[in-house]
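**Q** Structure file protein-v1.txt (compact mmCIF, C-alpha atoms) right here:
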# COMPACT_ATOMS: atom_id res chain seq x y z
CA MET A 16 -62.20 89.05 -17.36
CA ASN A 17 -59.20 91.32 -16.68
CA PRO A 18 -56.37 90.71 -19.18
CA ILE A 19 -53.84 90.96 -16.40
CA SER A 20 -55.68 88.28 -14.46
CA THR A 21 -55.65 86.03 -17.55
CA ALA A 22 -51.87 86.32 -17.90
CA LYS A 23 -51.41 85.55 -14.25
CA LEU A 24 -53.67 82.51 -14.62
CA LYS A 25 -51.59 81.19 -17.50
CA ASP A 26 -48.39 81.59 -15.49
CA ARG A 27 -49.89 79.71 -12.62
CA MET A 28 -50.96 76.87 -14.95
CA LYS A 29 -47.46 76.56 -16.38
CA PHE A 30 -46.07 76.39 -12.86
CA ILE A 31 -48.49 73.66 -11.89
CA CYS A 32 -47.67 71.59 -15.04
CA ALA A 33 -43.95 71.96 -14.47
CA GLY A 34 -44.36 70.81 -10.90
CA THR A 35 -46.38 67.85 -12.00
CA MET A 36 -43.71 66.81 -14.51
CA VAL A 37 -41.07 67.09 -11.79
CA VAL A 38 -43.13 64.86 -9.52
CA ILE A 39 -43.69 62.25 -12.30
CA ALA A 40 -40.00 62.26 -13.24
CA THR A 41 -39.07 61.86 -9.61
CA ALA A 42 -41.48 58.92 -9.26
CA VAL A 43 -40.17 57.21 -12.40
CA THR A 44 -36.60 57.67 -11.24
CA ALA A 45 -37.45 56.23 -7.87
CA THR A 46 -39.16 53.26 -9.51
CA LEU A 47 -36.20 52.52 -11.77
CA VAL A 48 -33.81 52.83 -8.86
CA GLY A 49 -36.02 50.46 -6.89
CA CYS A 50 -36.09 47.90 -9.74
CA SER A 51 -32.35 48.10 -10.16
CA SER A 52 -31.86 47.59 -6.47
CA ALA A 53 -34.26 44.63 -6.54
CA ARG A 54 -32.42 43.05 -9.50
CA GLU A 55 -29.11 43.46 -7.80
CA THR A 56 -30.57 41.86 -4.73
CA VAL A 57 -32.12 38.82 -6.58
CA SER A 58 -29.11 38.12 -8.84
CA ALA A 59 -26.68 35.75 -7.16
CA ALA A 60 -23.60 33.76 -8.07
CA PRO A 61 -24.47 30.57 -10.04
CA GLU A 62 -24.13 27.23 -8.33
CA THR A 63 -20.81 25.54 -8.97
CA VAL A 64 -20.53 21.87 -9.90
CA SER A 65 -17.12 20.33 -9.46
CA ASN A 66 -15.34 17.27 -10.80
CA VAL A 67 -17.20 17.20 -14.16
CA ALA A 68 -15.63 15.68 -17.27
CA VAL A 69 -15.71 18.01 -20.25
CA ILE A 70 -14.52 17.59 -23.83
CA SER A 71 -13.95 19.79 -26.82
CA ALA A 72 -15.90 18.96 -29.97
CA GLN A 73 -13.49 18.09 -32.77
CA SER A 74 -13.94 17.02 -36.38
CA ALA A 75 -12.69 13.59 -37.41
CA LYS A 76 -12.43 11.56 -40.58
CA ILE A 77 -14.98 8.74 -40.78
CA PRO A 78 -15.92 6.33 -43.56
CA ASP A 79 -18.40 7.75 -46.03
CA LEU A 80 -21.04 5.03 -46.42
CA VAL A 81 -23.89 4.47 -48.84
CA GLU A 82 -26.75 2.86 -46.93
CA ALA A 83 -29.04 0.63 -48.97
CA VAL A 84 -32.16 -0.79 -47.35
CA GLY A 85 -33.74 -4.06 -48.33
CA THR A 86 -35.50 -7.26 -47.32
CA LEU A 87 -34.13 -10.66 -46.40
CA ARG A 88 -35.08 -13.48 -48.74
CA ALA A 89 -34.28 -17.16 -48.56
CA SER A 90 -31.61 -18.10 -51.10
CA GLN A 91 -33.82 -21.01 -52.20
CA THR A 92 -37.60 -20.76 -52.26
CA SER A 93 -39.99 -23.09 -54.06
CA GLN A 94 -43.71 -22.77 -54.67
CA LEU A 95 -45.04 -26.31 -55.08
CA ALA A 96 -47.92 -26.63 -57.55
CA ALA A 97 -50.10 -29.44 -58.81
CA GLN A 98 -49.07 -31.06 -62.10
CA MET A 99 -52.34 -32.84 -62.81
CA MET A 100 -56.06 -32.43 -62.23
CA GLY A 101 -57.66 -34.23 -59.31
CA ASN A 102 -59.12 -33.85 -55.84
CA LEU A 103 -56.64 -33.05 -53.10
CA VAL A 104 -57.19 -35.87 -50.62
CA GLU A 105 -54.39 -35.27 -48.11
CA ILE A 106 -52.02 -32.54 -46.91
CA ARG A 107 -49.42 -33.96 -44.55
CA VAL A 108 -47.72 -30.74 -43.35
CA HIS A 109 -48.55 -27.36 -41.82
CA GLU A 110 -46.84 -23.97 -41.77
CA GLY A 111 -43.61 -24.13 -39.84
CA ASP A 112 -43.01 -27.84 -40.35
CA LEU A 113 -39.49 -28.92 -41.27
CA VAL A 114 -39.38 -31.17 -44.35
CA ARG A 115 -36.76 -33.35 -46.01
CA ARG A 116 -35.98 -33.68 -49.68
CA GLY A 117 -38.28 -36.27 -51.30
CA GLN A 118 -40.80 -36.21 -48.45
CA ILE A 119 -44.47 -36.53 -49.51
CA LEU A 120 -46.21 -33.28 -48.58
CA ALA A 121 -49.61 -33.63 -50.28
CA VAL A 122 -51.58 -36.34 -52.10
CA ILE A 123 -53.97 -35.99 -55.05
CA ASP A 124 -56.60 -38.63 -55.82
CA GLU A 125 -54.82 -41.33 -57.82
CA GLY A 126 -57.86 -43.29 -59.10
CA GLN A 127 -57.57 -42.41 -62.79
CA PRO A 128 -53.75 -42.35 -62.94
CA ARG A 129 -53.64 -45.73 -61.21
CA ALA A 130 -56.05 -47.24 -63.75
CA ALA A 131 -53.98 -45.81 -66.61
CA PHE A 132 -50.84 -47.25 -65.05
CA ASP A 133 -52.43 -50.70 -64.73
CA ARG A 134 -53.50 -50.60 -68.39
CA ALA A 135 -50.04 -49.60 -69.47
CA THR A 136 -48.52 -52.38 -67.38
CA ALA A 137 -50.81 -54.95 -68.99
CA ALA A 138 -49.99 -53.61 -72.45
CA ASP A 139 -46.29 -53.92 -71.68
CA LEU A 140 -46.72 -57.55 -70.64
CA ALA A 141 -48.70 -58.27 -73.82
CA SER A 142 -45.98 -56.72 -75.93
CA GLN A 143 -43.40 -58.92 -74.28
CA GLN A 144 -45.47 -62.02 -75.11
CA GLN A 145 -45.87 -60.83 -78.70
CA ILE A 146 -42.11 -60.44 -79.00
CA ALA A 147 -41.57 -63.93 -77.58
CA ALA A 148 -44.01 -65.41 -80.14
CA ALA A 149 -42.52 -63.39 -83.00
CA GLU A 150 -38.99 -64.42 -82.11
CA SER A 151 -40.00 -68.11 -81.92
CA GLU A 152 -41.66 -67.84 -85.31
CA LEU A 153 -38.59 -66.08 -86.68
CA THR A 154 -36.29 -68.77 -85.31
CA LEU A 155 -38.30 -71.50 -87.08
CA ALA A 156 -38.52 -69.51 -90.30
CA GLU A 157 -34.80 -68.81 -90.26
CA SER A 158 -33.81 -72.46 -89.80
CA THR A 159 -36.22 -73.52 -92.57
CA PHE A 160 -34.82 -70.84 -94.86
CA LYS A 161 -31.23 -72.01 -94.26
CA ARG A 162 -32.15 -75.65 -95.08
CA TYR A 163 -33.99 -74.69 -98.25
CA GLN A 164 -31.11 -72.43 -99.25
CA THR A 165 -28.75 -75.44 -99.08
CA LEU A 166 -31.18 -77.58 -101.06
CA TYR A 167 -31.68 -74.82 -103.59
CA GLU A 168 -27.93 -74.54 -104.13
CA ARG A 169 -27.89 -78.33 -104.81
CA LYS A 170 -30.81 -77.97 -107.24
CA SER A 171 -32.93 -80.19 -104.98
CA VAL A 172 -35.91 -77.78 -104.70
CA SER A 173 -37.59 -75.63 -107.22
CA PRO A 174 -37.09 -71.87 -107.24
CA GLN A 175 -40.76 -71.38 -106.37
CA GLU A 176 -40.49 -73.45 -103.21
CA PHE A 177 -37.33 -71.60 -102.19
CA ASP A 178 -39.01 -68.23 -102.75
CA GLU A 179 -41.98 -69.24 -100.61
CA VAL A 180 -39.73 -70.22 -97.72
CA LYS A 181 -37.71 -67.02 -98.09
CA ALA A 182 -40.91 -64.96 -98.02
CA ARG A 183 -42.06 -66.68 -94.81
CA TYR A 184 -38.66 -65.90 -93.25
CA GLN A 185 -38.87 -62.20 -94.21
CA THR A 186 -42.44 -62.05 -92.89
CA ALA A 187 -41.30 -63.47 -89.54
CA GLN A 188 -38.57 -60.81 -89.38
CA ALA A 189 -41.13 -58.08 -90.03
CA ARG A 190 -43.43 -59.46 -87.33
CA ARG A 191 -40.54 -59.56 -84.90
CA ASP A 192 -39.66 -55.92 -85.70
CA MET A 193 -43.32 -54.89 -85.32
CA ALA A 194 -43.47 -56.64 -81.97
CA ARG A 195 -40.38 -54.78 -80.82
CA SER A 196 -41.90 -51.46 -81.92
CA GLY A 197 -45.08 -52.32 -80.07
CA GLN A 198 -43.08 -53.12 -76.98
CA ALA A 199 -41.26 -49.76 -77.21
CA GLN A 200 -44.61 -47.99 -77.45
CA ALA A 201 -45.95 -49.99 -74.52
CA LYS A 202 -42.91 -49.12 -72.40
CA ALA A 203 -43.28 -45.43 -73.30
CA ALA A 204 -46.95 -45.54 -72.33
CA LEU A 205 -46.02 -47.32 -69.11
CA GLN A 206 -43.41 -44.67 -68.29
CA GLN A 207 -45.93 -41.91 -69.00
CA ALA A 208 -48.50 -43.59 -66.77
CA ARG A 209 -45.89 -44.06 -64.04
CA THR A 210 -44.97 -40.35 -64.24
CA ALA A 211 -48.63 -39.30 -64.12
CA LEU A 212 -49.12 -41.54 -61.12
CA GLY A 213 -46.11 -39.87 -59.47
CA TYR A 214 -47.79 -36.49 -59.96
CA THR A 215 -50.37 -37.54 -57.38
CA HIS A 216 -47.67 -37.06 -54.72
CA VAL A 217 -46.31 -33.55 -54.13
CA LEU A 218 -42.71 -33.97 -52.94
CA ALA A 219 -40.29 -31.62 -51.18
CA PRO A 220 -37.54 -30.62 -53.66
CA PHE A 221 -35.04 -29.82 -50.87
CA ASP A 222 -34.64 -29.68 -47.11
CA GLY A 223 -36.51 -26.69 -45.76
CA VAL A 224 -39.51 -25.40 -43.86
CA VAL A 225 -43.12 -24.89 -44.95
CA ILE A 226 -43.91 -21.17 -44.85
CA GLU A 227 -47.32 -21.14 -46.53
CA LYS A 228 -50.20 -23.52 -47.20
CA LYS A 229 -52.43 -22.19 -49.96
CA VAL A 230 -55.21 -24.82 -50.24
CA ASP A 231 -57.10 -27.28 -48.07
CA VAL A 232 -58.12 -30.92 -48.44
CA GLY A 233 -60.98 -31.36 -50.90
CA THR A 234 -59.82 -28.67 -53.32
CA LEU A 235 -59.89 -29.64 -56.98
CA ALA A 236 -56.28 -29.31 -58.01
CA SER A 237 -55.36 -28.31 -61.55
CA PRO A 238 -51.98 -28.08 -63.30
CA GLY A 239 -50.07 -25.03 -62.07
CA MET A 240 -52.25 -24.38 -59.01
CA PRO A 241 -50.02 -23.49 -55.99
CA ILE A 242 -50.38 -25.81 -53.01
CA LEU A 243 -47.45 -25.12 -50.66
CA THR A 244 -44.43 -22.83 -50.39
CA ILE A 245 -41.20 -23.99 -48.78
CA GLU A 246 -37.87 -22.28 -48.32
CA ASP A 247 -34.37 -23.11 -47.23
CA GLN A 248 -33.87 -21.67 -43.73
CA HIS A 249 -30.10 -22.08 -43.73
CA ARG A 250 -29.13 -19.52 -46.38
CA PHE A 251 -30.49 -16.00 -46.76
CA ARG A 252 -29.79 -13.02 -48.97
CA LEU A 253 -30.45 -9.34 -48.45
CA GLU A 254 -32.02 -7.86 -51.57
CA ALA A 255 -31.12 -4.18 -51.18
CA THR A 256 -31.98 -1.25 -53.44
CA VAL A 257 -29.09 1.01 -54.52
CA ASN A 258 -29.58 4.31 -56.37
CA GLU A 259 -28.18 4.49 -59.88
CA SER A 260 -25.74 7.21 -58.78
CA ASP A 261 -24.25 4.94 -56.07
CA VAL A 262 -24.19 1.56 -57.79
CA ARG A 263 -20.63 2.25 -58.98
CA TYR A 264 -19.47 1.70 -55.40
CA VAL A 265 -20.79 -1.89 -55.40
CA ARG A 266 -18.59 -4.78 -56.61
CA LEU A 267 -19.15 -8.51 -56.86
CA GLY A 268 -17.48 -10.34 -53.99
CA GLN A 269 -17.32 -7.16 -51.90
CA ALA A 270 -17.56 -7.64 -48.12
CA VAL A 271 -20.45 -5.57 -46.77
CA PRO A 272 -21.54 -4.83 -43.18
CA ILE A 273 -25.25 -5.48 -42.69
CA VAL A 274 -27.48 -4.44 -39.81
CA VAL A 275 -30.78 -6.25 -39.20
CA ASP A 276 -32.98 -4.26 -36.82
CA ALA A 277 -34.72 -7.41 -35.53
CA LEU A 278 -31.39 -8.64 -34.16
CA GLY A 279 -30.94 -5.55 -32.02
CA GLY A 280 -28.59 -3.66 -34.33
CA GLN A 281 -26.03 -6.46 -34.46
CA GLU A 282 -23.68 -5.99 -37.41
CA LEU A 283 -23.25 -9.00 -39.70
CA LYS A 284 -20.75 -9.51 -42.50
CA GLY A 285 -22.21 -10.25 -45.93
CA LYS A 286 -20.84 -10.64 -49.44
CA VAL A 287 -22.20 -9.24 -52.70
CA VAL A 288 -23.13 -12.20 -54.90
CA GLU A 289 -25.30 -10.56 -57.56
CA ILE A 290 -26.00 -7.14 -59.05
CA VAL A 291 -29.15 -7.17 -61.14
CA PRO A 292 -28.00 -5.59 -64.41
CA ALA A 293 -31.26 -3.80 -65.22
CA ALA A 294 -32.41 -0.75 -63.26
CA ASP A 295 -35.98 -0.23 -62.13
CA ALA A 296 -37.46 2.39 -64.44
CA ALA A 297 -39.70 3.87 -61.74
CA SER A 298 -37.19 4.29 -58.91
CA ARG A 299 -33.97 4.50 -61.00
CA SER A 300 -32.32 1.98 -58.72
CA PHE A 301 -30.61 -1.41 -58.90
CA VAL A 302 -31.22 -4.52 -56.80
CA VAL A 303 -28.07 -5.85 -55.12
CA LYS A 304 -28.14 -9.32 -53.54
CA VAL A 305 -25.89 -9.83 -50.54
CA GLU A 306 -25.23 -13.33 -49.17
CA MET A 307 -25.83 -13.43 -45.41
CA PRO A 308 -23.76 -15.44 -42.94
CA VAL A 309 -25.32 -18.42 -41.19
CA GLU A 310 -27.43 -17.04 -38.35
CA ARG A 311 -30.26 -19.02 -36.72
CA ALA A 312 -32.28 -15.90 -35.89
CA LEU A 313 -32.59 -14.80 -39.51
CA ARG A 314 -35.99 -15.07 -41.19
CA SER A 315 -37.24 -14.12 -44.61
CA GLY A 316 -39.03 -10.77 -44.74
CA LEU A 317 -36.86 -9.04 -42.12
CA PHE A 318 -35.69 -5.48 -42.75
CA GLY A 319 -31.96 -4.93 -43.23
CA ARG A 320 -29.43 -2.26 -44.14
CA ALA A 321 -26.30 -2.78 -46.21
CA ARG A 322 -23.53 -0.17 -46.05
CA PHE A 323 -21.19 0.29 -49.00
CA ALA A 324 -18.01 2.36 -48.54
CA ARG A 325 -17.35 5.22 -50.93
CA GLY A 326 -14.42 7.02 -49.21
CA GLU A 327 -14.04 9.29 -46.18
CA ARG A 328 -15.64 12.51 -44.95
CA SER A 329 -15.32 14.94 -42.03
CA ALA A 330 -17.77 14.57 -39.17
CA LEU A 331 -18.28 16.08 -35.72
CA LEU A 332 -18.31 13.17 -33.27
CA ILE A 333 -19.19 13.22 -29.57
CA PRO A 334 -19.54 10.41 -27.02
CA ARG A 335 -22.97 8.85 -26.83
CA SER A 336 -22.84 9.46 -23.07
CA ALA A 337 -22.88 13.24 -23.65
CA VAL A 338 -26.38 13.14 -25.10
CA VAL A 339 -29.36 13.72 -22.80
CA GLU A 340 -32.89 12.72 -23.74
CA ARG A 341 -35.80 15.11 -23.36
CA GLY A 342 -38.80 13.25 -24.68
CA GLN A 343 -38.12 12.72 -28.37
CA LEU A 344 -35.43 15.39 -28.44
CA GLN A 345 -31.70 15.01 -27.87
CA GLY A 346 -29.50 17.65 -26.36
CA ILE A 347 -26.09 18.32 -24.84
CA TYR A 348 -24.76 20.64 -22.14
CA VAL A 349 -22.49 23.24 -23.74
CA LEU A 350 -20.26 25.58 -21.69
CA ASP A 351 -20.06 29.30 -22.49
CA LEU A 352 -17.01 31.53 -21.96
CA ASN A 353 -17.81 31.78 -18.25
CA ARG A 354 -18.11 27.96 -18.06
CA ILE A 355 -21.82 28.19 -17.43
CA ALA A 356 -23.61 25.08 -18.75
CA GLY A 357 -26.61 25.44 -21.02
CA LEU A 358 -28.77 22.71 -22.55
CA ARG A 359 -28.70 22.86 -26.35
CA TYR A 360 -30.82 20.65 -28.59
CA ILE A 361 -28.98 19.06 -31.50
CA THR A 362 -29.60 16.83 -34.51
CA LEU A 363 -27.79 13.51 -34.41
CA GLY A 364 -26.66 11.14 -37.11
CA LYS A 365 -25.91 7.44 -36.88
CA PRO A 366 -24.09 6.02 -33.83
CA ALA A 367 -20.84 4.10 -34.30
CA SER A 368 -18.51 2.53 -31.73
CA GLY A 369 -19.86 4.45 -28.72
CA GLN A 370 -19.85 7.78 -30.56
CA VAL A 371 -22.50 9.63 -32.49
CA GLU A 372 -22.30 12.20 -35.27
CA VAL A 373 -23.72 15.68 -34.68
CA LEU A 374 -25.39 16.97 -37.82
CA ALA A 375 -26.57 20.35 -36.48
CA GLY A 376 -26.49 22.40 -33.27
CA LEU A 377 -22.79 22.20 -32.39
CA GLN A 378 -19.60 23.74 -33.77
CA ALA A 379 -16.08 22.34 -33.70
CA GLY A 380 -14.08 23.69 -30.75
CA GLU A 381 -17.05 24.17 -28.41
CA THR A 382 -16.79 22.63 -24.95
CA LEU A 383 -19.45 20.26 -23.67
CA ILE A 384 -20.01 17.96 -20.72
CA ALA A 385 -18.92 14.41 -21.53
CA ASP A 386 -21.26 12.49 -19.22
CA PRO A 387 -23.99 14.56 -17.51
CA GLY A 388 -26.04 11.52 -16.55
CA SER A 389 -29.41 12.45 -15.08
CA ARG A 390 -28.19 15.67 -13.41
CA GLU A 391 -29.77 19.02 -14.23
CA LEU A 392 -26.84 21.30 -15.05
CA SER A 393 -28.41 24.21 -16.89
CA GLY A 394 -27.25 27.56 -15.52
CA LYS A 395 -24.59 26.02 -13.28
CA LYS A 396 -20.91 26.79 -13.36
CA VAL A 397 -18.82 23.78 -14.18
CA GLU A 398 -15.37 23.01 -12.81
CA SER A 399 -13.80 20.26 -14.85
CA ARG A 400 -11.60 17.48 -13.54
Reformat the file's structure so that it appears as C-alpha cells.

**A**
Amino acid sequence: MNPISTAKLKDRMKFICAGTMVVIATAVTATLVGCSSARETVSAAPETVSNVAVISAQSAKIPDLVEAVGTLRASQTSQLAAQMMGNLVEIRVHEGDLVRRGQILAVIDEGQPRAAFDRATAADLASQQQIAAAESELTLAESTFKRYQTLYERKSVSPQEFDEVKARYQTAQARRDMARSGQAQAKAALQQARTALGYTHVLAPFDGVVIEKKVDVGTLASPGMPILTIEDQHRFRLEATVNESDVRYVRLGQAVPIVVDALGGQELKGKVVEIVPAADAASRSFVVKVEMPVERALRSGLFGRARFARGERSALLIPRSAVVERGQLQGIYVLDLNRIAGLRYITLGKPASGQVEVLAGLQAGETLIADPGSRELSGKKVESR
C-alpha cells in the first residue's frame, strides 16, 4: 500500500473517533440534563400539617431505683404431716377450701390408739382403787400405832408388840406411797394414750386456705408424711433478691413501692421486715422480705418487683403519648431544622407518671411531636400550635 495513503487513512480514523466521542459526550450531557429536569419536575414542596403540638426533649432529675424481683409468699404457711402410723380413712377438705383453726381436716384409723387409750383409762381407775385401799389401810395402821404408842409410854405393852404395830404402820405408808406412784404412772400412760389418739385427727393450726392435698384416702400414713398444705391468705410477703452491691440501700422498716404484674401494674406500698443475713453463694445476692399491704387479689407465687431508692440521676423523659408503635418497635417523630418530621426508632426505659425514659435514639434539645396519634407524619412539614 502507498505510504501516503496509509497516513491519510490514519488521519481519517482519528477524525472518526473524535466525532464519535463528541456524539457520546453530547448524548451523555443530554441525558444528564434530562434527568435533572425530571428531578426538578418530580420534586415538590412537602405537605404541611398545622396545629401540631411539639416539645423539646429535656433532661430531668429522677429517682435512681434498684429494682429487685421476687415471688409472693404467704407470711404463714404450714405443711400438715401425720404424727403416727395408720391408714388414712378420711380427708374432709379439698384444695381451695377455707378452714378454721382447730378444724379436723383428715382422720387416721384410730383402732389401735383407741384400744391403748381404753387400757390406760382402766389402769388409771385401778390405780385410784389401789390408792383408796392403801389409804384405808394406812388410816387403820396409824390409829393402831397411836394407841400402842400411848400404851407403850405407860409400860402397858411390851416393846416387841409396839415394834410390830409400828412396822405395820410403816408398811401401810409404803403401800400408800407405792399406790400413788402407780397412779402417777397410770395417769402418764393415760395422757400418752390420749395424745396418740389425738394424732388420729389432723387439725388446722390457723385460719387459712388449703392450697395442696398430697395424699388420698387409703394411704398408709407414717410419721412425718405430708398430707395437706395450708396458708394464711390475709398476709403476704415479697421475697425479693438484691445483689450484694445494692443491699446497702435496703433498711429494716423501709417503705418500698412494689409492682405486681398480675394486678395490672398497680403500685403497692410495702415495708421491709427482714433481710436474710447470709448471701447466696451462687448468685451473690441477699433475700429481702417485704411485708405486703392487705389486698384481696394477692396470691402466693405471683411475680413482683420491689424498688429501693439509691439517690437521683439524669434522664431524658418524654410523654408516653409521643411514642408510636410499629409492631414490636417504638418510635417518635423528630423535626429537623426545616421542621420536616421523620420517624425515628428509639429504646425506652420504664414508664412513670405518664412519661417514659428514652435510653437511646434521642438527644436533649431535639424537637419532637408530642401526640402524633395514628397519623402518618413522616416527610411532612409541621407547623406547631

**Q** If you count all atoms listed in the file, which residues fall within 12 Å of Ala182 in chain A, apart from same-chain ones fewer than 3 positions away, as a compact mmCIF listing (two decimals) with C-alpha atoms, keeping the file's coordinate frame?

**A**
# COMPACT_ATOMS: atom_id res chain seq x y z
CA LEU A 153 -38.59 -66.08 -86.68
CA ALA A 156 -38.52 -69.51 -90.30
CA GLU A 157 -34.80 -68.81 -90.26
CA THR A 159 -36.22 -73.52 -92.57
CA PHE A 160 -34.82 -70.84 -94.86
CA TYR A 163 -33.99 -74.69 -98.25
CA GLN A 175 -40.76 -71.38 -106.37
CA GLU A 176 -40.49 -73.45 -103.21
CA PHE A 177 -37.33 -71.60 -102.19
CA ASP A 178 -39.01 -68.23 -102.75
CA GLU A 179 -41.98 -69.24 -100.61
CA GLN A 185 -38.87 -62.20 -94.21
CA THR A 186 -42.44 -62.05 -92.89
CA ALA A 187 -41.30 -63.47 -89.54
CA GLN A 188 -38.57 -60.81 -89.38
CA ALA A 189 -41.13 -58.08 -90.03

**Q** Here is a test: counting only C-alpha atoms, which residue of A:Ala312, A:Met240, A:Leu205, A:Val84 is nearest to Met100 in chain A?

**A**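 That would be A:Met240, the residue with the smallest distance to Met100 in chain A.
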
**Q** Do you have the CA of Tyr360 in chain A-CA of Gln345 in chain A distance handy?

**A** 5.8 Å

**Q** Which of these, A:Glu254, A:Asp192, A:Asp261, A:Glu227, has the shortest distance to Lys304 in chain A once you count only C-alpha atoms?

**A**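 Smallest distance to Lys304 in chain A is found for A:Glu254.
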
**Q** Between A:Glu246, A:Asp295, A:Glu372, A:Glu282, which has the minimum distance to Leu95 in chain A (counting only C-alpha atoms)?

**A** A:Glu246
